[in-house]
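Trainee: Questions regarding the structure given below will be posed in turn.
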Amino acid sequence: MAGVLLVAAAMMTATSLAQSVPVPKPAPKGRDGSGSGGGGPAVTGATQTPPVPVIPDPRRNVPSSIFQTFDANQKAQAAKVSAYLSSLQTLVGNFVQVGPDGSKTQGDFYIQKPGKVRFEYDAPSPIDIVADGSSLVVRDRKLATQDVYPLSQTPLRFLLSDRIDLMKDTNVVNVSADDVFVSVTIEEKQALVGTSRLLLMFGAKDGQLKQWTVTDPQGYDTTIAVYNLDSSKKLDPSMFKIDFTNYSTPSPG
């Protein structure tokens with residue numbers, strides 16, 4: 001179960017959907033040279049070493065109330081984050097993912113807004129995650145299968161929106177800032193699957209996206225830290241096409 005959540009919980013708000021996703025064991029460092037990344041994304045500036053993800057305290061108690069209010073500083077921080085996210089059209093980089101069981105995986109990611117993303121996991125993982133603007137697939141290259149979900153059911157849609165005002169377009173339940181991070185927590189309540197949260201963390205000094213944590217309705221956290229970010233790279237649109245010819249889609253149930 002923990003292995004399933006490792007990949008799927010970062011993408012899906014519905015745990016019942018995530019349980020059907022095929023997931024390999026955590027991958028070690030290295031590249032297998034496969035996929036459209038061509039050996040990893042091009043990066044502007046000095047190449048960084050993988051960061052150590054900041055794992056939220058599992059005992060944390062995030063305020064949850066329709067009457068939640070924010071002071072002027074919190075609103076200003078949220079507005080700054082919204083402006084940053086809205087300014088991005090493409091984003092390329094590397095990631096380190098920590099699953100609910102503490103296992104780590106790494107890989108490359110590519111974002112083209114609105115609504116398109118590709119995650120390529122390091123070998124020996126055969127997993128790719130691709131969103132084409134309306135659907136998201138978790139694909140297993142080894143098994144030649146993929147599971148398809150509406151992008152609207154994933155918390156990634158907030159990162160992939162062309163323009164966003166967090167305070168107006170999402171249910172923000174917490175905004176905090178210190179010398180290192182500005183953090184924004186978004187909560188979603190769904191009648192059938194329960195409550196999930198997305199914690200976005202940005203650098204207090206450079207304002208760049210640093211990591212996010214998805215908490216699924218069962219309370220499991222999956223954290224993805226990103227680095228070597230490049231927002232100037234032009235991406236091939238074919239990277240975000242969902243292949244229904246070479247990959248079969250299992251029937252529900």
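Ligands are numbered from 1 in the order shown, chains are lettered A, B, ... in the order of the structure tokens, and residues start at 1 in each chain.
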Using DSSP secondary structure from the backbone, list all alpha helix (DSSP H) positions within segment 27-248 of chain A, as a PyMOL selection string.

Mentor: chain A and resi 72-87+157-160+166-169

Trainee: Restricting the output to C-alpha atoms, write the selected residues as a PDB file, in the first residue's frame.

Mentor:
```pdb
ATOM      1  CA  ALA A  72      -2.619  41.798   5.603  1.00  0.00           C
ATOM      2  CA  ASN A  73       0.803  40.139   5.636  1.00  0.00           C
ATOM      3  CA  GLN A  74      -0.646  36.696   4.922  1.00  0.00           C
ATOM      4  CA  LYS A  75      -2.749  38.093   2.074  1.00  0.00           C
ATOM      5  CA  ALA A  76       0.336  39.822   0.652  1.00  0.00           C
ATOM      6  CA  GLN A  77       2.344  36.581   0.808  1.00  0.00           C
ATOM      7  CA  ALA A  78      -0.449  34.680  -0.938  1.00  0.00           C
ATOM      8  CA  ALA A  79      -0.676  37.386  -3.605  1.00  0.00           C
ATOM      9  CA  LYS A  80       3.077  37.167  -4.211  1.00  0.00           C
ATOM     10  CA  VAL A  81       2.864  33.386  -4.605  1.00  0.00           C
ATOM     11  CA  SER A  82      -0.107  33.748  -6.965  1.00  0.00           C
ATOM     12  CA  ALA A  83       1.805  36.239  -9.108  1.00  0.00           C
ATOM     13  CA  TYR A  84       4.817  33.915  -9.272  1.00  0.00           C
ATOM     14  CA  LEU A  85       2.746  30.894 -10.288  1.00  0.00           C
ATOM     15  CA  SER A  86       0.839  32.942 -12.862  1.00  0.00           C
ATOM     16  CA  SER A  87       4.097  34.234 -14.367  1.00  0.00           C
ATOM     17  CA  ARG A 157      -4.110  21.509 -11.403  1.00  0.00           C
ATOM     18  CA  PHE A 158      -3.331  24.427  -9.078  1.00  0.00           C
ATOM     19  CA  LEU A 159       0.300  24.420 -10.221  1.00  0.00           C
ATOM     20  CA  LEU A 160      -0.704  23.981 -13.849  1.00  0.00           C
ATOM     21  CA  LEU A 166      -4.970  31.434  -4.543  1.00  0.00           C
ATOM     22  CA  MET A 167      -7.250  33.355  -2.201  1.00  0.00           C
ATOM     23  CA  LYS A 168     -10.075  33.479  -4.759  1.00  0.00           C
ATOM     24  CA  ASP A 169      -9.627  30.273  -6.731  1.00  0.00           C
TER      25      ASP A 169
END
```

Trainee: Fewer than 6 positions away in the same chain doesn't count, so skip those; otherwise give me all residues within 8 Å of segment 47-52 of chain A, counting only C-alpha atoms, as an MDAnalysis selection string.

Mentor: chainID A and resid 95:96 225:228

Trainee: Please return as an MDAnalysis selection string: the residues of segment 20-232 of chain A that backbone DSSP assigns to strand (DSSP E).

Mentor: chainID A and resid 90:98 104:112 116:121 127:132 135:140 145:150 172:177 181:190 194:203 209:215 221:230

Trainee: For Gln97 of chain A, which residue among A:Thr170, A:Gln208, A:Thr154, A:Thr213 is the nearest when counting only C-alpha atoms?

Mentor: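 Of A:Thr170, A:Gln208, A:Thr154, A:Thr213, the one nearest Gln97 of chain A, counting only C-alpha atoms, is A:Thr213.
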
Trainee: Counting only C-alpha atoms, which residues of segment 69-149 of chain A fall within 6 Å of segment 235-247 of chain A, and what is the closest atom pair for each with its distance in Å at one decimal, ordered by chain and rising number, as JSON lines?

Mentor:
```
{"residue": "A:Asp132", "atom": "CA", "partner": "A:Phe240", "partner_atom": "CA", "distance": 5.1}
{"residue": "A:Ala144", "atom": "CA", "partner": "A:Tyr247", "partner_atom": "CA", "distance": 4.8}
{"residue": "A:Thr145", "atom": "CA", "partner": "A:Tyr247", "partner_atom": "CA", "distance": 4.8}
```

Trainee: Could you dump the residues just selected with all heavy atoms as a PDB file, in the first residue's frame?

Mentor:
```pdb
ATOM      1  N   ASP A 132      -2.016  15.945 -20.247  1.00  0.00           N
ATOM      2  CA  ASP A 132      -2.091  16.593 -21.561  1.00  0.00           C
ATOM      3  C   ASP A 132      -2.971  17.838 -21.578  1.00  0.00           C
ATOM      4  O   ASP A 132      -3.265  18.388 -22.637  1.00  0.00           O
ATOM      5  CB  ASP A 132      -2.587  15.594 -22.617  1.00  0.00           C
ATOM      6  CG  ASP A 132      -4.032  15.139 -22.378  1.00  0.00           C
ATOM      7  OD1 ASP A 132      -4.642  15.554 -21.366  1.00  0.00           O
ATOM      8  OD2 ASP A 132      -4.552  14.369 -23.215  1.00  0.00           O
ATOM      9  N   ALA A 144       3.537  -1.828 -20.050  1.00  0.00           N
ATOM     10  CA  ALA A 144       2.829  -1.228 -21.190  1.00  0.00           C
ATOM     11  C   ALA A 144       1.367  -0.969 -20.852  1.00  0.00           C
ATOM     12  O   ALA A 144       0.465  -1.222 -21.660  1.00  0.00           O
ATOM     13  CB  ALA A 144       2.952  -2.106 -22.442  1.00  0.00           C
ATOM     14  N   THR A 145       1.147  -0.492 -19.622  1.00  0.00           N
ATOM     15  CA  THR A 145      -0.205  -0.147 -19.194  1.00  0.00           C
ATOM     16  C   THR A 145      -0.199   1.269 -18.630  1.00  0.00           C
ATOM     17  O   THR A 145       0.848   1.819 -18.281  1.00  0.00           O
ATOM     18  CB  THR A 145      -0.728  -1.104 -18.096  1.00  0.00           C
ATOM     19  OG1 THR A 145       0.141  -1.028 -16.962  1.00  0.00           O
ATOM     20  CG2 THR A 145      -0.787  -2.534 -18.602  1.00  0.00           C
TER      21      THR A 145
END
```

Trainee: Between atom CA of Asp108 of chain A and atom CA of Thr249 of chain A, measure the distance and give it in Å to one decimal.

Mentor: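 For atom CA of Asp108 of chain A relative to atom CA of Thr249 of chain A, the distance reads 24.1 Å.
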
Trainee: When you look at Asp221 of chain A with a cut-off of 6 Å (counting only C-alpha atoms), what residues show up, excluding the ones that are within fewer than 4 positions of it in the same chain? I need them as an mmCIF file with all heavy atoms, in the first residue's frame.

Mentor:
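Generated output (selection28.cif):
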```cif
data_model
loop_
_atom_site.group_PDB
_atom_site.id
_atom_site.type_symbol
_atom_site.label_atom_id
_atom_site.label_comp_id
_atom_site.auth_asym_id
_atom_site.auth_seq_id
_atom_site.Cartn_x
_atom_site.Cartn_y
_atom_site.Cartn_z
ATOM 1 N N PRO A 100 4.988 8.134 1.852
ATOM 2 C CA PRO A 100 4.502 8.004 3.228
ATOM 3 C C PRO A 100 5.354 7.079 4.090
ATOM 4 O O PRO A 100 5.394 7.219 5.308
ATOM 5 C CB PRO A 100 3.084 7.433 3.050
ATOM 6 C CG PRO A 100 2.697 7.809 1.663
ATOM 7 C CD PRO A 100 3.964 7.773 0.863
ATOM 8 N N VAL A 214 1.405 16.551 -0.585
ATOM 9 C CA VAL A 214 0.001 16.181 -0.699
ATOM 10 C C VAL A 214 -0.351 15.267 0.469
ATOM 11 O O VAL A 214 0.338 14.279 0.718
ATOM 12 C CB VAL A 214 -0.285 15.464 -2.033
ATOM 13 C CG1 VAL A 214 -1.712 14.919 -2.052
ATOM 14 C CG2 VAL A 214 -0.071 16.414 -3.198
ATOM 15 N N THR A 215 -1.401 15.625 1.184
ATOM 16 C CA THR A 215 -1.938 14.768 2.248
ATOM 17 C C THR A 215 -3.242 14.180 1.751
ATOM 18 O O THR A 215 -4.192 14.917 1.475
ATOM 19 C CB THR A 215 -2.185 15.571 3.536
ATOM 20 O OG1 THR A 215 -0.978 16.223 3.931
ATOM 21 C CG2 THR A 215 -2.646 14.649 4.658
#
```

Trainee: Between atom CA of Tyr110 of chain A and atom CA of Ser176 of chain A, what is the distance, to one decimal in Å?

Mentor: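 Straight-line distance from atom CA of Tyr110 of chain A to atom CA of Ser176 of chain A works out to 27.7 Å.
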